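Q: Encoded as structure tokens, here's the structure I'll be asking about.
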Amino acid sequence: MTGSGGAGAPIGREPGTPPWLLVLAEVSLAGVTAAGVVGLARLFSDGTFLLPVLAFAMAGHALAAVCRHRRVPAALTVALAVGVLVAGVSIFLLPETTRLGIPTGATFTQAGRELSEGLAAFREVVAPAPVQPGFVLAAVVATWVVAFVADAAAFRARARVEAAVPAATLFVFGAALGAPPHRIPVTALFLATLAAYWLTQRVLTHWSASHLVAGPGHTGAGPHALLRTGAVLGAVAVLAAVVVGPFLPGAEASAVVPWRAGERDSPGSRVTISPLVDIRSRIVDQSDVEVFTVTSNARSYWRLTSLEIFDGRIWSSRGQYREVDGGLPERPGDELAAAGTIVQDFEIDRLASIWLPAAYRPVRLEGLDARFDDDSASLLTEEESSAGLRYRVTSDLRSLDADALARVASGAPAEVTGTYTDLPPDFSPSVREEAVRITEGAPTPYEQARLLQDHFRDGSFTYDLSVAPGHGGGDLERFLFESRRGYCEQFAGAFAAMARSIGLPARVAVGFTPGETDAEGRLVVRGLNAHAWPEVYLAGYGWVAFEPTPGRGIPGAEAYTGLPEQQATPGDPTTATTLPPTQANTATTTPDGQGAPTTVPASEAAARADRARPAGPGSPWPARVMLALAVMVGLPLAWVGALTLVSRRRRERRRAGAVTTDQRVLVAWTEVLESLARAGTPPREWETPIEYARRAGGSTDVDHRVLNALAGAATAAGWGPGDMDGDVALRATRAAADLEQRIDQSLDTRTRIRRAVDPRPLLPARRPRLDVRVSST
């Protein structure tokens, strides 16, 4: 449905409506969508999703407005919107799957995979959740659709109230599922933008109606007065809602229907997204973000939790957590491992996780209330996330060596074997066969696990953060047999799945490598330290960590893994530093019940060297937006430059071809004709040069006497009996140059821009068709 505007007017604009008023209405509608997008921030643990989703939403509104202003039919607008969305998603969200920016089959496959993984995670997640590609892609598509539906409703269908429904739906979705923080400011922003939109639409309707009834000469209240009054009333209403609303009776009461998972009375369990799905975004997008610091008497992997369920697509966990106070329950099964004590004081900064980092295995927690899962030995905060918390953890620091572990025979408890060797029914036979081949001849579980680890560390696999997330069946086979490239998610997931396929109880642990020591002796842990590693159950020693990821090494584990401590370096999360064996664990452990351990910081020189390295890469979205802006600016500039170059070359060839004085005069006249045509006064086919000069001289600001003289010279050159005098030809070419300069100076900015980008003057002239009609009379 199109608007009733006059011919040539944008769809949705009534005749006589000021253009600025229509633009204001369009901007206010885009503002409502933007506020809806900001409302989604309560769903996520950080704001990395915001820039791409907002960029696509605003681009959608801009494209919808351009199509309306150009009076593009609705069906063609829809087709154009789909095409631009596919191109934008391919170039900016899935660039590694395109070929020279053109979508390929891999682009659509990857998009489908990300959307399906996002949907699966959505069914389990509670806010605030980590940002993952599937969520961003779904939000981009949704906001793009919201932009076009809202624009069509507001300006094509004139359903101005209903036009706010799509963005309102987006906002309600975020409000219903989002975490409590920022509830009031986000709501205030949406109410303010919604009030601004309705105000501009009211003014637009009032203007159109008043002019339709009273005519163009109507002098009632102008739009500026209505906007000022409405803005004051809207501001008062929003301010009252924000200030008074939270203090109304029942505002802080529990929900009548506790439909949120976090509001139900189920203290024994809590559901959240697998921490493995966002590990790549921590390493890449939040590489230099400081997530926490820890003061400890020994270096360790700071473990969040372990994942025991593998459905063929993703690793997840369903731990049962119970309240703990002080001492944590010990689990039998590792009585053969000699243990000292490691005490850690954590200060959490920007770690948006419900799990609390701690060295394995924690035995005591002080400083906050938490829950503990016996099976995974994971600590869970009672808060929405661990950000801002401070606490102390005491853990058993086990000392393991290869000879002792090699003496462990098979014989894990049935409850361990049943859970930690489970694989999906359709697990790849080729992966199972590869695991059997690698471990052939290994007599004990430890030696089998060590062979699996060493297989990934033999130099044939490459640590590569550009690999797309995923460790399902197809991803696992591609990783093992084709690309042999990945990061810790692929290495840990592949190791654990292959271990299970040969009967080794295995799981995937998620956490952080030790971090870098600062000047105060604290270990500073950043996003680039995010890591995943496998654990294998060995009877009498419990869960033992292995390290298949190239460039990583567990502190203090070289005796049984054969690998020195290694971790990513600030400035490049794909590389690693290796600490000498004497520095892998410099602290002295103390048995339980004895005095406080002594903290021994790492080398100050090494810390300074680490801090001097350049900062790691941040979010890729600023670079992508800058690339988009560069393309948007660079392509028009390149187009204008190409047209200018072609025009100049044509003029040079034309002048070079004029060898006689008559030809030089005719070339000068032709160039003046082209300048006058671009200025809006083209010659008519039947006009002689003299006739055209008289008409053009009267309708332009050029000196008509000079133009008439040049026209006379061109007539003489074209139809005279012989070549003109050289002085006459020279004066004619100078007069032509002067006329061209004056014509260029008289052009307004809009005409200059149109002249710079219009290629039609460079196209060959088409011969006019001769219309021959035969009369029947």
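To be explicit about the labels: the chains of the structure tokens are called A, B, and onward in the order shown, and within each one the residues are counted from 1, while ligands get numbers from 1 in the order they are shown.
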With a distance cut-off of 6 Å and only C-alpha atoms, select the neighbouring residues of region 174-178 of chain A, excluding the residue or stretch itself and same-chain residues fewer than 5 positions from it, and output the selection as a PyMOL selection string.
A: chain A and resi 39-40+42-43+127
Q: Using only C-alpha atoms, which of the listed residues (A:Gly36, A:Leu100, A:Val66, A:Phe56) sits closest to Val186 (chain A)?
A: A:Gly36
Q: When you look at region 440-449 of chain A with a cut-off of 8 Å (counting only C-alpha atoms), what residues show up, excluding the ones that are within fewer than 4 positions of it in the same chain? I need them as a list of chain:residue names.
A: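 Those residues are A:Leu405, A:Ala406, A:Arg407, A:Val408, A:Ala409, A:Ser410, A:Val436, A:Gln453, A:Ala499, A:Leu504, A:Val536, A:Leu538, A:Phe546.
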Q: Show which residues sit within 7 Å of Phe148 (chain A), as a list in words. Count only C-alpha atoms, and ignore same-chain residues fewer than 6 positions away.
A: Gly60, His61 and Ala64 of chain A
Q: Just the selected residues (N, CA and C atoms), exported as a short mmCIF file (atom, residue, chain, number, x, y, z; two decimals), in the first residue's frame, please.
A:
```cif
data_model
loop_
_atom_site.label_atom_id
_atom_site.label_comp_id
_atom_site.auth_asym_id
_atom_site.auth_seq_id
_atom_site.Cartn_x
_atom_site.Cartn_y
_atom_site.Cartn_z
N GLY A 60 19.13 -0.91 8.08
CA GLY A 60 17.81 -1.33 7.61
C GLY A 60 16.84 -0.17 7.50
N HIS A 61 16.82 0.68 8.51
CA HIS A 61 15.94 1.86 8.45
C HIS A 61 16.36 2.79 7.30
N ALA A 64 15.26 1.24 3.98
CA ALA A 64 13.81 1.34 3.83
C ALA A 64 13.39 2.76 3.47
#
```
Q: Fewer than 4 positions away in the same chain doesn't count, so skip those; otherwise give me all residues within 6 Å of Ser90 (chain A), counting only C-alpha atoms, as a VMD selection string.
A: chain A and resid 94 to 95 103
